[in-house]
>>> print(open('input14.csv').read())   # CSV, C-alpha atoms
chain,number,residue,atom,x,y,z
A,200,MET,CA,0.0,0.0,0.0
A,201,PRO,CA,1.6,3.3,-1.0
A,202,SER,CA,2.1,5.7,1.8
A,203,ALA,CA,0.4,8.5,-0.2
A,204,ALA,CA,-2.9,6.6,0.2
A,205,VAL,CA,-3.1,7.7,3.8
A,206,ALA,CA,-4.1,11.2,2.7
A,207,ALA,CA,-7.1,9.9,0.7
A,208,PRO,CA,-9.6,9.8,3.7
A,209,VAL,CA,-8.7,13.5,4.4
A,210,ILE,CA,-8.6,14.7,0.8
A,211,LEU,CA,-11.8,13.0,-0.5
A,212,PRO,CA,-14.3,14.9,1.6
A,213,LEU,CA,-12.4,18.2,0.9
A,214,VAL,CA,-12.5,17.5,-2.9
A,215,ALA,CA,-16.2,16.7,-2.7
A,216,ALA,CA,-16.8,19.9,-0.8
A,217,ALA,CA,-14.9,21.9,-3.4
A,218,LEU,CA,-16.9,20.3,-6.2
A,219,ILE,CA,-20.3,20.9,-4.6
A,220,ALA,CA,-19.4,24.5,-3.7
A,221,THR,CA,-18.2,25.2,-7.3
A,222,LEU,CA,-21.3,23.8,-8.8
A,223,GLY,CA,-23.5,25.5,-6.2
A,224,LEU,CA,-22.0,28.9,-7.1
A,225,ALA,CA,-22.7,28.1,-10.7
A,226,GLY,CA,-26.4,27.5,-9.9
A,227,ILE,CA,-26.2,23.7,-10.0
A,228,ASN,CA,-27.4,21.9,-6.9
A,229,VAL,CA,-26.1,18.3,-7.2
A,230,GLY,CA,-28.2,17.2,-4.3
A,231,ARG,CA,-27.7,14.3,-1.9
A,232,PRO,CA,-26.3,11.7,-4.4
A,233,ALA,CA,-23.0,13.7,-4.8
A,234,VAL,CA,-22.8,14.2,-1.1
A,235,ALA,CA,-23.3,10.5,-0.4
A,236,VAL,CA,-20.6,9.6,-2.9
A,237,GLY,CA,-18.1,11.9,-1.3
A,238,ALA,CA,-18.9,10.8,2.3
A,239,TRP,CA,-19.0,7.0,1.5
A,240,ALA,CA,-15.8,7.3,-0.6
A,241,THR,CA,-14.1,8.3,2.6
A,242,VAL,CA,-15.3,5.2,4.3
A,243,ALA,CA,-14.2,3.1,1.4
A,244,ALA,CA,-10.8,4.7,1.5
A,245,LEU,CA,-10.3,3.8,5.1
A,246,LEU,CA,-11.3,0.2,4.5
A,247,ALA,CA,-9.2,-0.1,1.4
A,248,ILE,CA,-6.1,1.2,3.1
A,249,TRP,CA,-6.3,-0.7,6.3
A,250,LEU,CA,-7.9,-4.1,5.6
A,251,PRO,CA,-5.5,-5.5,3.0
A,252,ILE,CA,-2.4,-5.1,5.2
A,253,ARG,CA,-3.7,-4.3,8.7
A,254,ALA,CA,-0.5,-2.5,9.5
A,255,SER,CA,0.4,1.1,10.1
A,256,VAL,CA,0.9,3.3,7.1
A,257,GLU,CA,2.6,6.6,7.5
A,258,LEU,CA,3.1,9.6,5.3
A,259,VAL,CA,5.4,12.5,6.1
A,260,LEU,CA,4.6,15.6,4.0
A,261,GLY,CA,7.2,18.0,5.5
A,262,GLN,CA,7.5,20.2,8.5
A,263,LEU,CA,5.0,22.3,10.4
A,264,GLY,CA,7.8,24.3,11.9
A,265,TYR,CA,9.9,24.3,15.0
A,266,GLY,CA,10.6,20.6,14.6
A,267,SER,CA,7.0,19.5,14.3
A,268,ALA,CA,6.3,17.2,11.3
A,269,LEU,CA,3.3,17.2,9.0
A,270,ASP,CA,2.8,13.5,9.6
A,271,LEU,CA,-0.3,11.4,8.7
A,272,ARG,CA,-0.5,7.9,10.1
A,273,LEU,CA,-3.2,5.3,9.8
A,274,ASP,CA,-3.0,2.6,12.4
A,275,ALA,CA,-5.5,0.5,14.3
A,276,VAL,CA,-6.5,3.4,16.6
A,277,SER,CA,-6.9,6.0,13.8
A,278,PHE,CA,-8.7,3.5,11.6
A,279,ALA,CA,-11.3,2.6,14.4
A,280,PHE,CA,-11.9,6.3,15.3
A,281,GLY,CA,-12.0,7.3,11.6
A,282,LEU,CA,-14.9,4.9,11.1
A,283,MET,CA,-16.6,6.1,14.3
A,284,ILE,CA,-16.6,9.6,12.7
A,285,VAL,CA,-17.1,9.0,9.1
A,286,VAL,CA,-19.8,6.3,9.1
A,287,PRO,CA,-22.4,8.2,11.1
A,288,ALA,CA,-21.5,11.4,9.2
A,289,ALA,CA,-22.0,9.6,5.9
A,290,ILE,CA,-25.4,8.3,7.0
A,291,LEU,CA,-26.5,11.7,8.1
A,292,LEU,CA,-25.3,13.4,4.9
A,293,THR,CA,-26.9,10.7,2.7
A,294,LEU,CA,-30.4,10.8,4.4
A,295,GLN,CA,-30.8,14.5,5.4
A,296,PRO,CA,-31.6,17.1,2.8
A,297,ARG,CA,-29.7,20.3,3.2
A,298,PRO,CA,-28.6,23.3,1.1
A,299,TRP,CA,-25.3,23.1,-0.7
A,300,PRO,CA,-23.6,25.6,1.6
A,301,ASP,CA,-24.4,23.5,4.6
A,302,THR,CA,-23.3,20.4,2.8
A,303,THR,CA,-19.9,22.0,1.9
A,304,ILE,CA,-19.2,23.1,5.4
A,305,ALA,CA,-20.2,19.7,6.8
A,306,LEU,CA,-17.8,17.9,4.5
A,307,LEU,CA,-15.0,20.3,5.5
A,308,GLY,CA,-15.8,19.3,9.1
A,309,VAL,CA,-15.6,15.6,8.3
A,310,GLY,CA,-12.2,16.0,6.5
A,311,SER,CA,-10.8,18.0,9.4
A,312,ALA,CA,-12.0,15.4,12.0
A,313,VAL,CA,-10.4,12.6,10.0
A,314,ALA,CA,-7.2,14.6,9.8
A,315,ALA,CA,-7.2,15.0,13.6
A,316,VAL,CA,-7.3,11.2,14.1
A,317,GLU,CA,-4.8,10.5,11.3
A,318,ALA,CA,-2.3,13.1,12.6
A,319,GLY,CA,0.9,11.5,13.7
A,320,GLY,CA,1.6,14.0,16.5
A,321,VAL,CA,-0.1,16.1,19.1
A,322,VAL,CA,0.5,19.4,17.4
A,323,LEU,CA,-1.2,18.4,14.1
A,324,THR,CA,-4.1,16.8,16.0
A,325,ALA,CA,-4.6,20.1,17.8
A,326,ILE,CA,-4.6,22.1,14.6
A,327,ALA,CA,-6.9,19.7,12.7
A,328,GLY,CA,-9.2,19.3,15.7
A,329,GLY,CA,-9.5,23.0,16.3
A,330,THR,CA,-10.3,23.4,12.6
A,331,ALA,CA,-13.1,20.8,12.9
A,332,ALA,CA,-14.5,22.5,16.0
A,333,THR,CA,-14.4,25.9,14.2
A,334,VAL,CA,-16.1,24.5,11.2
A,335,ALA,CA,-18.8,23.0,13.4
A,336,ILE,CA,-19.6,26.3,15.0
A,337,VAL,CA,-19.8,28.0,11.6
A,338,LEU,CA,-22.2,25.2,10.4
A,339,LEU,CA,-24.4,25.7,13.4
A,340,ASP,CA,-24.5,29.5,12.8
A,341,THR,CA,-25.1,29.1,9.1
A,342,GLU,CA,-28.1,26.8,9.6
A,343,ASP,CA,-29.8,29.0,12.3
A,344,PRO,CA,-27.9,31.9,13.9
A,345,ASP,CA,-30.6,32.4,16.5
A,346,ALA,CA,-30.7,28.7,17.7
A,347,GLU,CA,-28.7,27.6,20.8
A,348,ARG,CA,-25.1,26.5,20.2
A,349,PRO,CA,-22.0,26.1,22.3
A,350,SER,CA,-19.7,29.1,22.8
A,351,TRP,CA,-16.6,29.3,20.7
A,352,GLY,CA,-14.4,29.5,23.8
A,353,PHE,CA,-15.7,26.3,25.4
A,354,VAL,CA,-15.5,24.3,22.1
A,355,LEU,CA,-11.9,25.5,21.4
A,356,ALA,CA,-10.6,25.4,25.0
A,357,GLY,CA,-9.7,21.7,24.8
A,358,TRP,CA,-7.8,22.1,21.5
A,359,LEU,CA,-5.9,25.1,22.8
A,360,GLY,CA,-4.9,23.0,25.8
A,361,LEU,CA,-3.8,20.2,23.5
A,362,ALA,CA,-1.7,22.6,21.5
A,363,LEU,CA,0.0,23.7,24.7
A,364,VAL,CA,0.7,20.1,25.5
A,365,GLY,CA,2.2,19.6,22.0
A,366,VAL,CA,4.5,22.6,22.5
A,367,ILE,CA,5.7,21.4,25.9
A,368,LEU,CA,6.4,17.9,24.5
A,369,GLN,CA,8.3,19.4,21.5
A,370,VAL,CA,10.4,21.7,23.7
A,371,SER,CA,11.1,19.3,26.6
A,372,GLY,CA,11.3,15.9,24.9
A,373,GLY,CA,12.2,16.9,21.4
A,374,THR,CA,9.1,15.4,19.8
A,375,ALA,CA,5.4,15.5,20.0
A,376,VAL,CA,4.9,12.4,17.7
A,377,TYR,CA,2.7,9.9,19.5
A,378,SER,CA,4.9,6.9,18.7
A,379,ALA,CA,8.1,8.7,19.7
A,380,VAL,CA,7.3,10.7,22.9
A,381,PRO,CA,9.5,9.4,25.8
A,382,VAL,CA,7.4,7.9,28.5
A,383,SER,CA,9.3,9.9,31.1
A,384,GLN,CA,7.9,13.1,29.5
A,385,LEU,CA,4.3,12.2,30.4
A,386,THR,CA,4.5,13.6,33.9
A,387,PRO,CA,1.5,13.9,36.1
A,388,PRO,CA,1.1,17.7,35.6
A,389,LEU,CA,1.4,17.3,31.8
A,390,PHE,CA,-1.0,14.4,31.8
A,391,SER,CA,-3.5,16.4,33.9
A,392,LEU,CA,-3.4,19.1,31.2
A,393,LEU,CA,-3.8,16.5,28.5
A,394,LEU,CA,-6.7,14.8,30.4
A,395,ALA,CA,-8.5,18.1,30.9
A,396,SER,CA,-8.1,18.9,27.2
A,397,ALA,CA,-9.6,15.5,26.2
A,398,LEU,CA,-12.5,15.9,28.5
A,399,LEU,CA,-13.2,19.5,27.2
A,400,VAL,CA,-13.0,18.3,23.6
A,401,SER,CA,-15.9,15.9,24.0
A,402,SER,CA,-17.5,18.0,26.8
A,403,LEU,CA,-17.4,15.1,29.2
A,404,VAL,CA,-18.7,16.9,32.3
A,405,PRO,CA,-21.4,16.0,34.8
A,406,TRP,CA,-23.6,19.0,34.0
A,407,ARG,CA,-25.6,19.6,30.8
A,408,SER,CA,-23.1,20.0,28.0
A,409,TRP,CA,-23.3,21.0,24.3
A,410,PRO,CA,-24.1,17.5,23.0
A,411,ALA,CA,-27.3,17.7,24.9
A,412,GLN,CA,-27.9,21.4,24.4
A,413,LEU,CA,-27.9,21.0,20.6
A,414,TRP,CA,-31.0,18.9,20.8
A,415,THR,CA,-33.0,22.0,21.7
A,416,ARG,CA,-32.4,23.5,18.2
A,417,PRO,CA,-35.4,23.6,15.8
A,418,SER,CA,-33.4,21.7,13.2
A,419,LEU,CA,-31.1,18.8,14.1
A,420,ARG,CA,-29.2,18.6,10.8
A,421,ALA,CA,-26.2,20.6,11.9
A,422,ALA,CA,-26.5,19.3,15.4
A,423,GLY,CA,-26.2,15.7,14.3
A,424,ILE,CA,-23.1,16.2,12.1
A,425,THR,CA,-21.5,18.2,14.8
A,426,VAL,CA,-21.9,15.5,17.4
A,427,ALA,CA,-20.7,12.8,14.9
A,428,THR,CA,-17.5,14.7,14.0
A,429,LEU,CA,-16.5,16.2,17.4
A,430,PHE,CA,-17.7,14.0,20.2
A,431,PRO,CA,-15.4,11.0,19.4
A,432,LEU,CA,-12.3,13.1,19.4
A,433,GLY,CA,-11.9,13.4,23.2
A,434,PHE,CA,-12.0,9.6,23.5
A,435,TYR,CA,-9.4,9.4,20.8
A,436,LEU,CA,-7.1,11.6,22.8
A,437,LEU,CA,-7.6,9.4,25.9
A,438,VAL,CA,-6.6,6.3,23.9
A,439,ARG,CA,-3.6,8.1,22.4
A,440,VAL,CA,-2.3,9.2,25.8
A,441,TYR,CA,-2.7,5.7,27.1
A,442,GLU,CA,-0.5,4.6,24.2
A,443,MET,CA,2.0,7.3,24.9
A,444,GLY,CA,2.3,6.1,28.5
A,445,ASP,CA,3.2,2.6,27.3
A,446,GLY,CA,-0.1,1.1,28.3
A,447,ARG,CA,-0.7,2.9,31.6
A,448,TYR,CA,-1.4,6.3,33.1
A,449,PRO,CA,1.3,8.1,35.1
A,450,ALA,CA,-0.4,7.3,38.4
A,451,THR,CA,-3.2,5.0,39.6
A,452,VAL,CA,-5.1,7.9,40.9
A,453,PHE,CA,-5.9,9.0,37.3
A,454,ASN,CA,-7.6,5.6,36.6
A,455,VAL,CA,-9.7,6.1,39.8
A,456,LEU,CA,-10.6,9.7,38.9
A,457,LEU,CA,-11.6,8.8,35.4
A,458,SER,CA,-13.8,6.0,36.6
A,459,ILE,CA,-15.5,8.3,39.1
A,460,LEU,CA,-15.9,11.0,36.5
A,461,GLY,CA,-17.4,8.6,34.0
A,462,LEU,CA,-19.9,7.3,36.6
A,463,ALA,CA,-20.8,10.8,37.6
A,464,ILE,CA,-21.4,11.8,34.0
A,465,ALA,CA,-23.6,8.7,33.3
A,466,LEU,CA,-25.7,9.1,36.5
A,467,ALA,CA,-26.2,12.9,36.0
A,468,ALA,CA,-27.3,12.3,32.4
A,469,ALA,CA,-29.7,9.6,33.6
A,470,ALA,CA,-31.1,11.9,36.2
A,471,ARG,CA,-31.6,14.7,33.7
A,472,ALA,CA,-33.3,12.3,31.3
A,473,GLN,CA,-35.8,11.2,33.9
A,474,ALA,CA,-36.6,14.8,34.7
A,475,ALA,CA,-37.0,15.8,31.0
A,476,ALA,CA,-40.5,17.1,30.1
A,477,THR,CA,-40.3,16.1,26.4
A,478,ARG,CA,-39.1,13.2,24.3
A,479,ARG,CA,-36.4,15.3,22.7
A,480,GLY,CA,-35.2,16.4,26.1
A,481,PHE,CA,-35.0,12.7,27.2
A,482,LEU,CA,-33.1,11.7,24.0
A,483,ALA,CA,-30.7,14.6,24.3
A,484,GLU,CA,-29.1,12.9,27.3
A,485,VAL,CA,-28.3,9.6,25.4
A,486,VAL,CA,-25.0,10.8,24.0
A,487,PRO,CA,-23.6,12.3,27.2
A,488,GLY,CA,-24.9,9.2,29.1
A,489,PHE,CA,-23.1,6.7,26.9
A,490,GLY,CA,-20.1,9.0,26.8
A,491,GLY,CA,-19.8,8.7,30.6
>>> encode(input="input14.csv", output="structure tokens")
Amino acid sequence: MPSAAVAAPVILPLVAAALIATLGLAGINVGRPAVAVGAWATVAALLAIWLPIRASVELVLGQLGYGSALDLRLDAVSFAFGLMIVVPAAILLTLQPRPWPDTTIALLGVGSAVAAVEAGGVVLTAIAGGTAATVAIVLLDTEDPDAERPSWGFVLAGWLGLALVGVILQVSGGTAVYSAVPVSQLTPPLFSLLLASALLVSSLVPWRSWPAQLWTRPSLRAAGITVATLFPLGFYLLVRVYEMGDGRYPATVFNVLLSILGLAIALAAAARAQAAATRRGFLAEVVPGFGG
């Protein structure tokens, strides 16, 4: 499998978005079939790259600057999380009718989210993930600027924290590449910052967070694609940091705290669901509950 193929799952939704936008500006609305082709082609690309060899494929495209590499890597973790993002997004884009501007923005978000999980290092993940979060907010505002949406600051806070982690790893350990970070660099204070960033990325908190708040919007088209592209990314970071720590966290207390936090999130979501006055309010707590 040529290493250049790793870029296909990132490039395909971007190419589809560019084509749809170009035709849309020309007055031609290609509709859902073209969107479905672009979305499902990304799924097919992930399967075609990983299944024949079931081994890591890496592509280095150059340098981001200050020693950080523009490195894309498809391994078991990025393959699994790529499917978690792309398959629900493809289903939503195939079944839900939407104007071509919304479709274009949604495909940009899918491409950015896939880039975040295929990134070979912390810095590139932070850049791609922050882009996906920004695109999601733009999509929500484009669909209905008056409807409820999460604040820019809260959505981007986790990615800014992750970028800081990448800078610290680059300066102190010489690299922020997941497979090359020395285990000794993952100190409890740095891990705490990385853990907080991951929790903020998916809004894994015991109170009512944006994955539930988006269900109050009149239309759920943008809300669905936002949850599909952003919510899995925090869990992806938790898995990556476990890998960076050589299969363990820096201290046992972190395992205990994560377990307690997960239980608190699930129980709080269940309590809010039982108190909901409407069916939509009840269903709004499903995603946070399973996340916990």
>>> atom_distance(input="input14.csv", atom1="CA of Thr386 (chain A)", atom2="CA of Gly261 (chain A)")
28.9 Å
>>> closest_residue(input="input14.csv", among="A:Pro388, A:Gly308, A:Gly226, A:Gly329", to="Leu355 (chain A)", atoms="all atoms listed in the file")
A:Gly329
>>> closest_residue(input="input14.csv", among="A:Val259, A:Val322, A:Arg447, A:Leu245", to="Val370 (chain A)", atoms="all atoms listed in the file")
A:Val322
>>> closest_atom_pairs(input="input14.csv", of="region 296-353 of chain A", to="region 200-219 of chain A", cutoff="7 Å", atoms="only C-alpha atoms", output="tab-separated table")
residue	atom	partner	partner_atom	distance
A:Trp299	CA	A:Ile219	CA	6.7
A:Thr303	CA	A:Ala216	CA	4.6
A:Leu306	CA	A:Pro212	CA	5.4
A:Leu307	CA	A:Leu213	CA	5.7
A:Val309	CA	A:Pro212	CA	6.9
A:Gly310	CA	A:Val209	CA	4.8
A:Val313	CA	A:Val209	CA	5.9
A:Ala314	CA	A:Val209	CA	5.7
>>> write_last_selection(input="input14.csv", atoms="C-alpha atoms", output="mmCIF file, in the coordinates of the input")
data_model
loop_
_atom_site.group_PDB
_atom_site.id
_atom_site.type_symbol
_atom_site.label_atom_id
_atom_site.label_comp_id
_atom_site.auth_asym_id
_atom_site.auth_seq_id
_atom_site.Cartn_x
_atom_site.Cartn_y
_atom_site.Cartn_z
ATOM 1 C CA TRP A 299 -25.300 23.100 -0.700
ATOM 2 C CA THR A 303 -19.900 22.000 1.900
ATOM 3 C CA LEU A 306 -17.800 17.900 4.500
ATOM 4 C CA LEU A 307 -15.000 20.300 5.500
ATOM 5 C CA VAL A 309 -15.600 15.600 8.300
ATOM 6 C CA GLY A 310 -12.200 16.000 6.500
ATOM 7 C CA VAL A 313 -10.400 12.600 10.000
ATOM 8 C CA ALA A 314 -7.200 14.600 9.800
#
>>> atom_distance(input="input14.csv", atom1="CA of Ala465 (chain A)", atom2="CA of Thr330 (chain A)")
28.7 Å
>>> residues_around(input="input14.csv", residues="Leu482 (chain A)", least_positions_apart="6", cutoff="12 Å", atoms="all atoms listed in the file", output="VMD selection string")
chain A and resid 410 to 415 468 to 469 471 to 476 488 to 489
>>> atom_distance(input="input14.csv", atom1="CA of Val256 (chain A)", atom2="CA of Val366 (chain A)")
25.0 Å
>>> residues_near_point(input="input14.csv", point="(-25.2, 25.0, 1.0)", cutoff="9 Å", atoms="only C-alpha atoms", output="ChimeraX atom specification")
/A:219-220,223,228,297-304
>>> residues_around(input="input14.csv", residues="region 252-254 of chain A", least_positions_apart="6", cutoff="10 Å", atoms="only C-alpha atoms", output="list in words")
Met200, Leu246, Leu273, Asp274, Ala275 and Phe278 of chain A
>>> closest_residue(input="input14.csv", among="A:Ala397, A:Gly480, A:Glu317, A:Ala332", to="Val438 (chain A)", atoms="only C-alpha atoms")
A:Ala397
>>> residues_near_point(input="input14.csv", point="(-31.6, 14.2, 9.3)", cutoff="10 Å", atoms="all atoms listed in the file", output="list in words")
Ile290, Leu291, Leu292, Thr293, Leu294, Gln295, Pro296, Arg297, Ser418, Leu419, Arg420, Ala421, Ala422, Gly423 and Ile424 of chain A
>>> closest_residue(input="input14.csv", among="A:Ala483, A:Leu385, A:Ala327, A:Leu339", to="Glu442 (chain A)", atoms="all atoms listed in the file")
A:Leu385
>>> closest_residue(input="input14.csv", among="A:Val485, A:Ala315, A:Ile464, A:Val364", to="Val426 (chain A)", atoms="all atoms listed in the file")
A:Val485
>>> residues_around(input="input14.csv", residues="Ser402 (chain A)", least_positions_apart="6", cutoff="9 Å", atoms="all atoms listed in the file", output="list in words")
Phe353, Val354, Gly357, Ser408, Trp409, Pro410, Phe430, Gly433 and Pro487 of chain A
>>> closest_residue(input="input14.csv", among="A:Gly360, A:Gly491, A:Gly237, A:Gly281", to="Leu403 (chain A)", atoms="all atoms listed in the file")
A:Gly491
>>> residues_around(input="input14.csv", residues="Leu462 (chain A)", least_positions_apart="4", cutoff="10 Å", atoms="all atoms listed in the file", output="PyMOL selection string")
chain A and resi 405+456-458+466-468+488+490-491
>>> write_last_selection(input="input14.csv", atoms="C-alpha atoms", output="PDB file, keeping the file's coordinate frame")
ATOM      1  CA  PRO A 405     -21.400  16.000  34.800  1.00  0.00           C
ATOM      2  CA  LEU A 456     -10.600   9.700  38.900  1.00  0.00           C
ATOM      3  CA  LEU A 457     -11.600   8.800  35.400  1.00  0.00           C
ATOM      4  CA  SER A 458     -13.800   6.000  36.600  1.00  0.00           C
ATOM      5  CA  LEU A 466     -25.700   9.100  36.500  1.00  0.00           C
ATOM      6  CA  ALA A 467     -26.200  12.900  36.000  1.00  0.00           C
ATOM      7  CA  ALA A 468     -27.300  12.300  32.400  1.00  0.00           C
ATOM      8  CA  GLY A 488     -24.900   9.200  29.100  1.00  0.00           C
ATOM      9  CA  GLY A 490     -20.100   9.000  26.800  1.00  0.00           C
ATOM     10  CA  GLY A 491     -19.800   8.700  30.600  1.00  0.00           C
TER      11      GLY A 491
END
>>> decode(input="input14.csv", residues="region 324-352 of chain A", atoms="N, CA and C atoms", output="compact mmCIF listing (two decimals), in the first residue's frame")
# COMPACT_ATOMS: atom_id res chain seq x y z
N THR A 324 -2.72 17.16 15.49
CA THR A 324 -4.06 16.82 15.98
C THR A 324 -4.76 18.06 16.52
N ALA A 325 -4.03 18.89 17.26
CA ALA A 325 -4.62 20.11 17.82
C ALA A 325 -5.06 21.06 16.71
N ILE A 326 -4.24 21.19 15.67
CA ILE A 326 -4.59 22.09 14.56
C ILE A 326 -5.81 21.58 13.82
N ALA A 327 -5.80 20.29 13.46
CA ALA A 327 -6.92 19.72 12.71
C ALA A 327 -8.19 19.68 13.55
N GLY A 328 -8.06 19.30 14.82
CA GLY A 328 -9.24 19.26 15.69
C GLY A 328 -9.82 20.64 15.93
N GLY A 329 -8.96 21.64 16.13
CA GLY A 329 -9.45 23.00 16.28
C GLY A 329 -10.16 23.49 15.04
N THR A 330 -9.66 23.06 13.87
CA THR A 330 -10.33 23.41 12.62
C THR A 330 -11.71 22.76 12.54
N ALA A 331 -11.79 21.48 12.91
CA ALA A 331 -13.09 20.79 12.90
C ALA A 331 -14.08 21.46 13.84
N ALA A 332 -13.61 21.88 15.02
CA ALA A 332 -14.49 22.55 15.98
C ALA A 332 -14.96 23.90 15.44
N THR A 333 -14.07 24.64 14.81
CA THR A 333 -14.44 25.93 14.24
C THR A 333 -15.45 25.77 13.11
N VAL A 334 -15.22 24.78 12.25
CA VAL A 334 -16.14 24.52 11.15
C VAL A 334 -17.52 24.13 11.69
N ALA A 335 -17.55 23.36 12.78
CA ALA A 335 -18.83 22.96 13.36
C ALA A 335 -19.63 24.17 13.86
N ILE A 336 -18.94 25.10 14.51
CA ILE A 336 -19.63 26.31 14.99
C ILE A 336 -20.15 27.13 13.81
N VAL A 337 -19.33 27.23 12.76
CA VAL A 337 -19.77 27.95 11.56
C VAL A 337 -21.01 27.28 10.95
N LEU A 338 -21.01 25.95 10.91
CA LEU A 338 -22.16 25.23 10.37
C LEU A 338 -23.42 25.49 11.18
N LEU A 339 -23.29 25.48 12.50
CA LEU A 339 -24.44 25.75 13.36
C LEU A 339 -24.97 27.17 13.15
N ASP A 340 -24.07 28.13 13.01
CA ASP A 340 -24.50 29.51 12.78
C ASP A 340 -25.10 29.69 11.39
N THR A 341 -24.57 28.96 10.41
CA THR A 341 -25.09 29.06 9.05
C THR A 341 -26.51 28.51 8.97
N GLU A 342 -26.76 27.41 9.67
CA GLU A 342 -28.09 26.80 9.63
C GLU A 342 -29.14 27.68 10.32
N ASP A 343 -28.80 28.15 11.52
CA ASP A 343 -29.76 28.97 12.28
C ASP A 343 -28.98 29.80 13.29
N PRO A 344 -28.70 31.05 12.97
CA PRO A 344 -27.87 31.87 13.87
C PRO A 344 -28.53 32.18 15.21
N ASP A 345 -29.85 32.04 15.28
CA ASP A 345 -30.56 32.37 16.53
C ASP A 345 -30.75 31.16 17.45
N ALA A 346 -30.48 29.95 16.94
CA ALA A 346 -30.67 28.74 17.75
C ALA A 346 -29.50 28.57 18.72
N GLU A 347 -29.75 27.77 19.75
CA GLU A 347 -28.73 27.56 20.77
C GLU A 347 -27.56 26.79 20.19
N ARG A 348 -26.36 27.18 20.59
CA ARG A 348 -25.14 26.48 20.19
C ARG A 348 -24.09 26.69 21.27
N PRO A 349 -23.07 25.85 21.32
CA PRO A 349 -22.01 26.05 22.31
C PRO A 349 -21.19 27.29 21.97
N SER A 350 -20.57 27.87 22.98
CA SER A 350 -19.74 29.05 22.76
C SER A 350 -18.43 28.65 22.08
N TRP A 351 -17.87 29.57 21.32
CA TRP A 351 -16.59 29.32 20.66
C TRP A 351 -15.52 28.96 21.69
N GLY A 352 -15.49 29.72 22.79
CA GLY A 352 -14.44 29.51 23.77
C GLY A 352 -14.46 28.12 24.37
